[in-house]
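This is model.txt (compact mmCIF, C-alpha atoms and all ligand atoms).
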```
# COMPACT_ATOMS: atom_id res chain seq x y z
CA MET A 1 0.00 0.00 0.00
CA CYS A 2 1.26 3.42 -0.98
CA LYS A 3 1.66 5.95 1.84
CA ARG A 4 0.39 9.36 0.81
CA VAL A 5 2.65 12.14 2.01
CA ALA A 6 2.13 15.86 2.59
CA ILE A 7 5.29 17.95 2.95
CA LEU A 8 5.06 21.28 4.73
CA GLY A 9 8.08 23.23 3.55
CA SER A 10 9.00 21.08 0.54
CA THR A 11 11.54 23.56 -0.86
CA GLY A 12 13.78 23.58 2.24
CA SER A 13 16.60 21.18 2.98
CA ILE A 14 14.46 18.52 4.74
CA GLY A 15 11.62 18.95 2.25
CA ARG A 16 13.91 18.34 -0.73
CA GLN A 17 15.47 15.31 0.92
CA THR A 18 12.00 13.94 1.71
CA LEU A 19 11.15 14.19 -1.97
CA SER A 20 14.34 12.32 -2.86
CA VAL A 21 13.31 9.51 -0.47
CA ILE A 22 9.85 9.43 -2.08
CA ALA A 23 11.40 9.36 -5.56
CA ALA A 24 13.55 6.38 -4.58
CA HIS A 25 10.48 4.36 -3.49
CA PRO A 26 7.64 5.29 -5.86
CA ASP A 27 5.87 2.01 -5.09
CA LEU A 28 5.72 2.83 -1.36
CA PHE A 29 5.30 6.60 -1.12
CA LYS A 30 3.34 9.18 -3.07
CA ALA A 31 3.58 12.94 -2.52
CA VAL A 32 0.09 14.42 -2.60
CA LEU A 33 0.55 17.89 -1.12
CA LEU A 34 3.50 20.29 -1.10
CA THR A 35 3.70 23.67 0.58
CA ALA A 36 6.35 26.39 0.66
CA ASN A 37 6.69 29.80 2.20
CA SER A 38 8.00 31.84 -0.74
CA SER A 39 10.13 29.68 -3.09
CA VAL A 40 7.39 29.58 -5.69
CA ASP A 41 9.45 28.50 -8.69
CA LEU A 42 10.92 25.46 -6.98
CA LEU A 43 7.52 24.58 -5.46
CA ALA A 44 5.91 24.58 -8.92
CA GLU A 45 8.74 22.49 -10.33
CA GLN A 46 8.43 19.91 -7.53
CA ALA A 47 4.63 19.83 -7.73
CA ALA A 48 4.69 19.17 -11.47
CA ALA A 49 7.49 16.59 -11.26
CA PHE A 50 5.75 14.60 -8.50
CA GLY A 51 2.24 15.06 -9.89
CA VAL A 52 0.82 16.12 -6.53
CA ARG A 53 -2.85 16.94 -6.00
CA ALA A 54 -2.21 20.42 -4.59
CA ALA A 55 0.59 22.92 -4.02
CA VAL A 56 0.21 25.79 -1.57
CA ILE A 57 2.40 28.88 -1.43
CA CYS A 58 2.06 30.56 1.97
CA ARG A 59 2.70 34.08 0.73
CA SER A 60 -0.62 34.92 -0.94
CA GLU A 61 0.85 37.54 -3.25
CA LEU A 62 2.65 34.68 -5.04
CA GLU A 63 -0.50 32.71 -5.88
CA GLY A 64 -0.77 34.24 -9.36
CA ARG A 65 2.76 33.19 -10.19
CA LEU A 66 2.14 29.66 -8.88
CA GLN A 67 -1.00 29.37 -11.01
CA THR A 68 0.86 30.54 -14.11
CA LEU A 69 3.70 28.09 -13.48
CA LEU A 70 1.29 25.20 -12.95
CA ALA A 71 -1.07 26.03 -15.82
CA GLY A 72 -1.68 22.96 -17.96
CA THR A 73 -0.90 20.54 -15.13
CA SER A 74 -3.45 18.79 -12.91
CA VAL A 75 -1.98 20.39 -9.75
CA LYS A 76 -4.31 22.64 -7.81
CA ALA A 77 -2.45 25.90 -7.02
CA LEU A 78 -3.45 27.57 -3.75
CA SER A 79 -2.11 30.14 -1.33
CA GLY A 80 -2.15 31.22 2.31
CA MET A 81 -1.89 29.57 5.71
CA ASP A 82 -5.64 28.79 5.84
CA ALA A 83 -5.27 26.75 2.65
CA VAL A 84 -2.27 24.90 4.14
CA CYS A 85 -4.29 23.99 7.25
CA GLU A 86 -7.27 22.90 5.16
CA GLN A 87 -5.26 20.85 2.65
CA VAL A 88 -3.19 19.08 5.25
CA ALA A 89 -6.43 17.70 6.74
CA ALA A 90 -7.62 16.33 3.37
CA GLU A 91 -8.76 12.72 3.10
CA ASP A 92 -5.88 11.63 0.83
CA VAL A 93 -3.11 12.56 3.31
CA ASP A 94 -1.71 9.70 5.43
CA ILE A 95 1.40 11.31 6.89
CA VAL A 96 2.55 14.92 7.20
CA VAL A 97 6.24 15.83 7.15
CA THR A 98 6.52 19.12 9.03
CA SER A 99 9.71 20.56 7.59
CA THR A 100 8.86 24.24 7.81
CA VAL A 101 11.12 26.64 9.71
CA GLY A 102 10.09 28.22 12.99
CA PHE A 103 6.86 28.94 14.82
CA SER A 104 4.91 29.08 11.55
CA GLY A 105 4.89 25.27 11.62
CA LEU A 106 2.64 25.15 14.66
CA ARG A 107 -0.75 25.99 13.09
CA PRO A 108 -0.64 23.46 10.25
CA THR A 109 0.79 20.81 12.59
CA LEU A 110 -2.14 21.29 14.98
CA ALA A 111 -4.53 21.13 12.02
CA ALA A 112 -2.96 17.87 10.86
CA ILE A 113 -3.13 16.33 14.34
CA ARG A 114 -6.78 17.39 14.68
CA ALA A 115 -7.46 15.58 11.40
CA GLY A 116 -5.79 12.45 12.79
CA LYS A 117 -2.76 12.49 10.46
CA THR A 118 0.48 10.84 11.49
CA ILE A 119 3.19 13.46 11.95
CA ALA A 120 6.80 13.10 10.82
CA LEU A 121 8.11 15.94 12.93
CA ALA A 122 11.04 17.94 11.60
CA ASN A 123 9.84 21.35 12.81
CA LYS A 124 11.22 21.30 16.35
CA GLU A 125 9.94 24.81 17.12
CA THR A 126 6.44 23.29 17.25
CA LEU A 127 7.36 21.38 20.39
CA VAL A 128 9.55 24.15 21.78
CA ALA A 129 6.72 26.67 21.64
CA ALA A 130 3.78 24.42 22.42
CA GLY A 131 5.06 20.99 23.50
CA SER A 132 2.45 20.45 26.18
CA LEU A 133 -0.46 21.39 23.91
CA VAL A 134 0.79 19.42 20.93
CA MET A 135 1.49 16.21 22.87
CA LYS A 136 -1.85 16.41 24.67
CA LEU A 137 -3.75 16.88 21.42
CA ALA A 138 -1.81 14.05 19.74
CA ALA A 139 -2.65 11.72 22.64
CA GLU A 140 -6.32 12.72 22.49
CA LYS A 141 -6.47 12.06 18.76
CA GLY A 142 -4.36 8.90 18.95
CA VAL A 143 -1.89 10.44 16.52
CA GLY A 144 1.67 9.15 16.28
CA ILE A 145 4.49 11.68 16.20
CA LEU A 146 7.58 10.23 14.54
CA PRO A 147 10.77 12.23 15.01
CA VAL A 148 12.74 13.30 11.94
CA ASP A 149 15.38 15.26 13.83
CA SER A 150 18.42 12.95 13.71
CA GLU A 151 18.99 12.94 17.49
CA HIS A 152 15.36 12.21 18.29
CA SER A 153 15.09 9.58 15.60
CA ALA A 154 18.14 8.00 17.25
CA ILE A 155 16.58 8.12 20.74
CA PHE A 156 13.34 6.75 19.32
CA GLN A 157 15.29 3.85 17.78
CA CYS A 158 17.30 3.22 20.96
CA LEU A 159 14.09 3.10 22.97
CA GLN A 160 12.88 0.17 20.88
CA ALA A 161 15.36 -1.83 22.95
CA ALA A 162 13.99 -0.55 26.26
CA GLY A 163 10.92 -2.73 26.58
CA ASP A 164 9.31 -1.92 29.93
CA ASN A 165 12.63 -0.90 31.45
CA ARG A 166 13.19 2.55 32.84
CA VAL A 167 15.55 4.89 31.05
CA SER A 168 17.94 6.61 33.43
CA LYS A 169 19.42 9.08 30.98
CA ILE A 170 19.18 10.37 27.45
CA HIS A 171 22.52 11.46 26.02
CA LEU A 172 21.81 14.03 23.36
CA THR A 173 24.84 14.45 21.11
CA ALA A 174 25.82 17.84 19.73
CA SER A 175 28.36 18.56 17.02
CA GLY A 176 29.21 21.78 18.86
CA GLY A 177 28.91 23.86 15.70
CA PRO A 178 31.66 25.81 13.93
CA PHE A 179 32.81 27.70 17.07
CA ARG A 180 33.16 24.69 19.37
CA THR A 181 36.88 25.23 20.08
CA TRP A 182 36.99 29.03 19.83
CA PRO A 183 37.51 31.31 22.85
CA ARG A 184 34.59 33.54 23.78
CA GLU A 185 36.19 36.83 22.62
CA GLN A 186 36.80 35.33 19.20
CA ILE A 187 33.24 33.99 18.98
CA ALA A 188 31.93 37.42 19.95
CA ALA A 189 33.62 38.92 16.88
CA THR A 190 32.27 36.37 14.37
CA THR A 191 29.98 37.26 11.50
CA LYS A 192 27.13 35.32 9.93
CA ASP A 193 29.37 34.02 7.13
CA MET A 194 31.53 32.19 9.67
CA ALA A 195 28.48 30.95 11.57
CA LEU A 196 26.92 29.60 8.38
CA LYS A 197 29.77 27.11 7.87
CA HIS A 198 28.59 24.05 9.76
CA PRO A 199 31.23 21.31 10.12
CA SER A 200 29.02 18.22 9.66
CA TRP A 201 25.51 19.06 8.46
CA ASN A 202 24.39 21.02 5.42
CA MET A 203 21.15 22.74 6.48
CA GLY A 204 19.07 25.88 6.06
CA ASN A 205 20.34 29.25 7.34
CA LYS A 206 18.17 29.53 10.44
CA ILE A 207 19.03 26.12 11.86
CA THR A 208 22.70 26.61 10.98
CA ILE A 209 22.85 29.78 13.09
CA ASP A 210 20.89 27.94 15.81
CA SER A 211 23.62 25.29 15.69
CA ALA A 212 26.39 27.88 15.97
CA THR A 213 24.76 29.38 19.10
CA MET A 214 23.76 25.88 20.33
CA MET A 215 20.18 27.14 20.61
CA ASN A 216 19.42 24.24 18.30
CA LYS A 217 20.64 21.80 20.96
CA GLY A 218 18.62 23.67 23.56
CA PHE A 219 15.56 23.27 21.35
CA GLU A 220 16.35 19.59 21.01
CA VAL A 221 16.47 19.20 24.79
CA ILE A 222 12.94 20.61 24.92
CA GLU A 223 11.90 18.48 21.96
CA ALA A 224 13.21 15.36 23.75
CA ARG A 225 11.45 16.35 26.96
CA TRP A 226 8.10 16.27 25.15
CA LEU A 227 8.62 13.46 22.66
CA PHE A 228 9.88 11.01 25.26
CA ASP A 229 8.15 12.44 28.34
CA THR A 230 11.53 12.78 30.06
CA PRO A 231 12.37 15.32 32.78
CA PRO A 232 15.19 17.73 31.81
CA SER A 233 17.33 16.40 34.68
CA LYS A 234 17.60 13.12 32.76
CA ILE A 235 18.73 14.77 29.53
CA ASN A 236 22.48 15.16 29.17
CA VAL A 237 24.00 17.14 26.31
CA VAL A 238 27.38 15.85 25.21
CA VAL A 239 29.50 17.43 22.50
CA TYR A 240 30.61 14.91 19.93
CA PRO A 241 32.01 16.57 16.80
CA GLU A 242 32.13 13.48 14.55
CA SER A 243 28.30 13.37 14.39
CA VAL A 244 28.19 9.63 13.70
CA ILE A 245 26.49 8.68 16.96
CA HIS A 246 23.15 10.44 16.67
CA SER A 247 22.24 10.04 20.36
CA MET A 248 22.19 7.46 23.14
CA VAL A 249 19.95 6.07 25.84
CA GLU A 250 21.27 4.84 29.18
CA PHE A 251 19.57 2.28 31.42
CA GLU A 252 19.70 1.77 35.17
CA ASP A 253 22.38 -0.91 34.87
CA GLY A 254 24.68 1.53 33.08
CA ALA A 255 24.16 -0.07 29.69
CA VAL A 256 24.08 2.51 26.91
CA ILE A 257 22.43 1.94 23.53
CA ALA A 258 23.57 4.26 20.76
CA GLN A 259 22.25 4.74 17.26
CA MET A 260 24.89 5.43 14.63
CA GLY A 261 25.09 6.31 10.97
CA MET A 262 26.94 8.70 8.69
CA PRO A 263 25.36 12.18 8.85
CA ASP A 264 22.64 12.01 6.18
CA MET A 265 19.14 13.28 6.94
CA ARG A 266 17.57 10.93 4.41
CA GLU A 267 18.08 8.14 6.96
CA PRO A 268 15.78 9.52 9.72
CA ILE A 269 13.38 10.94 7.10
CA GLN A 270 13.02 7.58 5.40
CA LEU A 271 12.57 5.75 8.70
CA ALA A 272 9.81 8.16 9.75
CA LEU A 273 8.04 7.48 6.44
CA SER A 274 8.53 3.71 6.40
CA TYR A 275 8.32 2.98 10.15
CA PRO A 276 8.28 0.30 11.48
CA GLN A 277 9.90 -1.10 8.35
CA ARG A 278 13.46 -0.28 7.28
CA LEU A 279 14.19 0.24 3.60
CA PRO A 280 17.45 0.22 1.65
CA LEU A 281 19.14 3.61 1.22
CA ASP A 282 22.01 4.60 -1.08
CA ASN A 283 23.85 6.49 1.67
CA LYS A 284 27.45 6.22 2.85
CA LYS A 285 27.88 3.45 5.40
CA ILE A 286 30.14 3.70 8.45
CA ASP A 287 33.76 2.66 7.99
CA PHE A 288 34.69 2.12 11.65
CA ALA A 289 38.42 1.69 11.05
CA ALA A 290 38.49 4.95 9.10
CA LEU A 291 36.60 6.67 11.92
CA GLY A 292 39.26 5.69 14.42
CA SER A 293 38.31 7.25 17.71
CA LEU A 294 35.23 8.94 19.09
CA ASN A 295 35.76 12.20 20.97
CA PHE A 296 33.37 13.54 23.58
CA PHE A 297 33.41 16.90 25.36
CA GLU A 298 31.41 18.82 27.93
CA PRO A 299 29.46 21.66 26.28
CA SER A 300 30.52 25.19 27.28
CA TYR A 301 27.52 26.93 28.82
CA GLU A 302 29.63 30.07 29.09
CA ASN A 303 30.48 30.30 25.40
CA PHE A 304 27.04 29.11 24.31
CA PRO A 305 24.54 30.74 26.70
CA CYS A 306 21.56 29.77 24.53
CA LEU A 307 21.93 26.18 25.70
CA GLY A 308 21.53 27.21 29.33
CA LEU A 309 18.61 29.47 28.40
CA ALA A 310 16.75 26.46 27.02
CA PHE A 311 17.15 24.55 30.29
CA LYS A 312 16.02 27.68 32.14
CA ALA A 313 12.97 28.01 29.88
CA LEU A 314 12.06 24.36 30.47
CA GLU A 315 12.41 24.81 34.22
CA LYS A 316 10.15 27.88 34.18
CA GLY A 317 7.76 26.11 31.82
CA GLY A 318 4.40 27.53 30.74
CA ASN A 319 4.72 30.06 27.92
CA ILE A 320 8.42 30.84 28.54
CA PRO A 321 9.85 28.36 25.98
CA CYS A 322 7.46 29.91 23.46
CA ALA A 323 8.82 33.38 24.28
CA MET A 324 12.36 32.07 24.00
CA ASN A 325 11.63 30.65 20.55
CA ALA A 326 10.03 33.86 19.31
CA ALA A 327 12.93 35.98 20.56
CA ASN A 328 15.37 33.60 18.91
CA GLU A 329 13.59 33.85 15.55
CA VAL A 330 13.72 37.63 15.64
CA ALA A 331 17.32 37.76 16.88
CA VAL A 332 18.61 35.21 14.34
CA ALA A 333 16.89 37.11 11.51
CA ALA A 334 18.62 40.31 12.72
CA TYR A 335 21.97 38.51 13.00
CA LEU A 336 21.56 37.20 9.44
CA LYS A 337 21.14 40.82 8.32
CA ASP A 338 24.31 41.83 10.25
CA LYS A 339 22.21 44.04 12.55
CA ILE A 340 23.39 42.46 15.81
CA GLY A 341 26.39 40.49 17.03
CA PHE A 342 26.67 36.84 18.06
CA TYR A 343 26.13 37.32 21.80
CA ASP A 344 23.34 39.83 21.24
CA ILE A 345 21.25 36.82 20.19
CA SER A 346 21.36 35.24 23.66
CA ASP A 347 21.01 38.67 25.34
CA VAL A 348 17.83 39.44 23.40
CA ILE A 349 16.42 35.99 24.21
CA SER A 350 17.25 36.19 27.90
CA ARG A 351 15.77 39.67 28.32
CA THR A 352 12.65 38.75 26.36
CA MET A 353 12.12 35.68 28.56
CA ASP A 354 12.24 37.97 31.59
CA ALA A 355 9.94 40.56 30.02
CA VAL A 356 6.92 38.46 29.02
CA THR A 357 4.09 37.81 31.48
CA PHE A 358 4.31 34.26 32.76
CA ILE A 359 1.38 31.96 31.99
CA ALA A 360 1.68 28.62 33.77
CA ASP A 361 -0.75 26.60 31.67
CA PRO A 362 -1.07 28.44 28.34
CA SER A 363 -4.00 27.81 26.00
CA GLU A 364 -3.53 27.71 22.25
CA GLU A 365 -4.52 31.36 22.10
CA ASP A 366 -2.02 32.23 24.87
CA ILE A 367 0.75 30.57 22.86
CA PHE A 368 -0.01 32.58 19.72
CA GLN A 369 -0.25 35.76 21.78
CA THR A 370 2.99 35.06 23.61
CA ASN A 371 4.72 34.44 20.30
CA ASP A 372 3.56 37.79 18.89
CA LEU A 373 4.30 39.69 22.07
CA ALA A 374 7.76 38.19 22.54
CA ALA A 375 8.60 38.89 18.90
CA GLU A 376 7.52 42.48 19.38
CA ILE A 377 9.56 42.91 22.56
CA SER A 378 12.71 41.49 20.97
CA ALA A 379 12.29 43.51 17.78
CA ARG A 380 12.04 46.68 19.88
CA MET A 381 15.13 45.68 21.83
CA ILE A 382 17.12 45.16 18.64
MG MG B 401 19.19 17.66 15.23
```
Would you write the structure of this file as structure tokens?
Amino acid sequence: MCKRVAILGSTGSIGRQTLSVIAAHPDLFKAVLLTANSSVDLLAEQAAAFGVRAAVICRSELEGRLQTLLAGTSVKALSGMDAVCEQVAAEDVDIVVTSTVGFSGLRPTLAAIRAGKTIALANKETLVAAGSLVMKLAAEKGVGILPVDSEHSAIFQCLQAAGDNRVSKIHLTASGGPFRTWPREQIAATTKDMALKHPSWNMGNKITIDSATMMNKGFEVIEARWLFDTPPSKINVVVYPESVIHSMVEFEDGAVIAQMGMPDMREPIQLALSYPQRLPLDNKKIDFAALGSLNFFEPSYENFPCLGLAFKALEKGGNIPCAMNAANEVAVAAYLKDKIGFYDISDVISRTMDAVTFIADPSEEDIFQTNDLAAEISARMI
């Protein structure tokens, strides 16, 4: 039976790799819906090549262009976030890959969960901003959330070996980003061009900056907290630059199960689509002798304050992680325009977290309001 796939954010790095997985297994997967924020030309090209039912461009002013590009094909060309939310709930969608960037992924993800669709979660900001809400709704609807993030896919795989046994620790591996070994003063003087050179993963701009600040790892701590219902005290971040171990789970007897593979996002994407089955993949396999040794380090909370901010946000709970995420989006966008420096990012986030009104048990509306308010506060600060 063919699994029918919707991809939110098909023109980004994860979206494109999802399409390559689908193309490699046309008998098993069929893309039925693609959405993109603004890359209208690529969206039209993908939609036509994969013969999807519908393509949605989020920026409504681009709908005319999408229609022109798709004229003469059978693809329905639509625009706007309402259309994304409506289409994702359509009857012919079995699984939704949420590979959009940032908070904007939350609304369509909630819509998909409400419609009972399985989620292949790549948009970690969804769980950072609204983890409690999302997990509760998914449980209510009996919807499975399969992690696409490499670390969480790894933990998910390691947990298959857990049975009924208690996990004593999750070891979340971090590459450490491009500034792992640099002194703080040198990091402070870096520009976006240096931050955009990630040593092991080739990703979109926003997540690459998040990796350089280690905010990405902070997000992943929060993501793990919700996906695996694990208290933050049981989540240990360990820097491991080789990025071949994707994460590990430790049991009470000290046994540690690790999941390994060469860094290639098609592996966790494909597993999320084919789960519980594993399919062949034309990726590079591990050559252990060539790898030689594995090197682990303590992360520097001093040089990468965003990581500590994420633990602080989790500890405070409520709407604070949502505020942290909003501030980060605004600060990273400003950093990418050379408006602020590297450590201004964590300063803006920290001060925004302190400035928003705390809501202990935020509703969906509270989350959207907190996001807007926190974005406004940080923009003013910048
Ligand atoms: Mg990751």
Expected selection as a PyMOL selection string for ligand MG 401 (chain B) within 10 Å, only C-alpha atoms and all ligand atoms: chain A and resi 122+124+148-154+172-175+201+207+211+216-217+219-220+223+246-247+265
Long-range neighbours of Thr126 of chain A as a PyMOL selection string, 8 Å cut-off, only C-alpha atoms, 3 positions minimum in chain: chain A and resi 102-103+105-106+109+123+129-131+134
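Restricting the calculation to all atoms listed in the file, the smallest distance between Lys316 of chain A and any of A:Thr181, A:Leu121, A:Asp210, A:Thr357 is found for A:Thr357.
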Test item: residues at most 10 Å from segment 371-378 of chain A, only C-alpha atoms, excluding those fewer than 5 positions along its chain, as a VMD selection string: chain A and resid 103 129 319 to 331 345 347 to 353 355 to 357 365 to 366
Prev. selection, C-alpha atoms, output as a PDB file, in the frame of the given file:
```pdb
ATOM      1  CA  PHE A 103       6.860  28.940  14.820  1.00  0.00           C
ATOM      2  CA  ALA A 129       6.720  26.670  21.640  1.00  0.00           C
ATOM      3  CA  ASN A 319       4.720  30.060  27.920  1.00  0.00           C
ATOM      4  CA  ILE A 320       8.420  30.840  28.540  1.00  0.00           C
ATOM      5  CA  PRO A 321       9.850  28.360  25.980  1.00  0.00           C
ATOM      6  CA  CYS A 322       7.460  29.910  23.460  1.00  0.00           C
ATOM      7  CA  ALA A 323       8.820  33.380  24.280  1.00  0.00           C
ATOM      8  CA  MET A 324      12.360  32.070  24.000  1.00  0.00           C
ATOM      9  CA  ASN A 325      11.630  30.650  20.550  1.00  0.00           C
ATOM     10  CA  ALA A 326      10.030  33.860  19.310  1.00  0.00           C
ATOM     11  CA  ALA A 327      12.930  35.980  20.560  1.00  0.00           C
ATOM     12  CA  ASN A 328      15.370  33.600  18.910  1.00  0.00           C
ATOM     13  CA  GLU A 329      13.590  33.850  15.550  1.00  0.00           C
ATOM     14  CA  VAL A 330      13.720  37.630  15.640  1.00  0.00           C
ATOM     15  CA  ALA A 331      17.320  37.760  16.880  1.00  0.00           C
ATOM     16  CA  ILE A 345      21.250  36.820  20.190  1.00  0.00           C
ATOM     17  CA  ASP A 347      21.010  38.670  25.340  1.00  0.00           C
ATOM     18  CA  VAL A 348      17.830  39.440  23.400  1.00  0.00           C
ATOM     19  CA  ILE A 349      16.420  35.990  24.210  1.00  0.00           C
ATOM     20  CA  SER A 350      17.250  36.190  27.900  1.00  0.00           C
ATOM     21  CA  ARG A 351      15.770  39.670  28.320  1.00  0.00           C
ATOM     22  CA  THR A 352      12.650  38.750  26.360  1.00  0.00           C
ATOM     23  CA  MET A 353      12.120  35.680  28.560  1.00  0.00           C
ATOM     24  CA  ALA A 355       9.940  40.560  30.020  1.00  0.00           C
ATOM     25  CA  VAL A 356       6.920  38.460  29.020  1.00  0.00           C
ATOM     26  CA  THR A 357       4.090  37.810  31.480  1.00  0.00           C
ATOM     27  CA  GLU A 365      -4.520  31.360  22.100  1.00  0.00           C
ATOM     28  CA  ASP A 366      -2.020  32.230  24.870  1.00  0.00           C
TER      29      ASP A 366
END
```
List the neighbours of Gln67 of chain A out to 12 Å using all atoms listed in the file; skip same-chain residues closer than 5 positions along the sequence, and give me the result as a tab-separated table (two decimals) with C-alpha atoms, in the coordinates of the input.
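Result saved to around.tsv:
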```tsv
chain	number	residue	atom	x	y	z
A	40	VAL	CA	7.39	29.58	-5.69
A	41	ASP	CA	9.45	28.50	-8.69
A	43	LEU	CA	7.52	24.58	-5.46
A	44	ALA	CA	5.91	24.58	-8.92
A	45	GLU	CA	8.74	22.49	-10.33
A	47	ALA	CA	4.63	19.83	-7.73
A	48	ALA	CA	4.69	19.17	-11.47
A	54	ALA	CA	-2.21	20.42	-4.59
A	55	ALA	CA	0.59	22.92	-4.02
A	56	VAL	CA	0.21	25.79	-1.57
A	57	ILE	CA	2.40	28.88	-1.43
A	60	SER	CA	-0.62	34.92	-0.94
A	61	GLU	CA	0.85	37.54	-3.25
A	62	LEU	CA	2.65	34.68	-5.04
A	72	GLY	CA	-1.68	22.96	-17.96
A	73	THR	CA	-0.90	20.54	-15.13
A	74	SER	CA	-3.45	18.79	-12.91
A	75	VAL	CA	-1.98	20.39	-9.75
A	76	LYS	CA	-4.31	22.64	-7.81
A	77	ALA	CA	-2.45	25.90	-7.02
A	78	LEU	CA	-3.45	27.57	-3.75
A	79	SER	CA	-2.11	30.14	-1.33
```
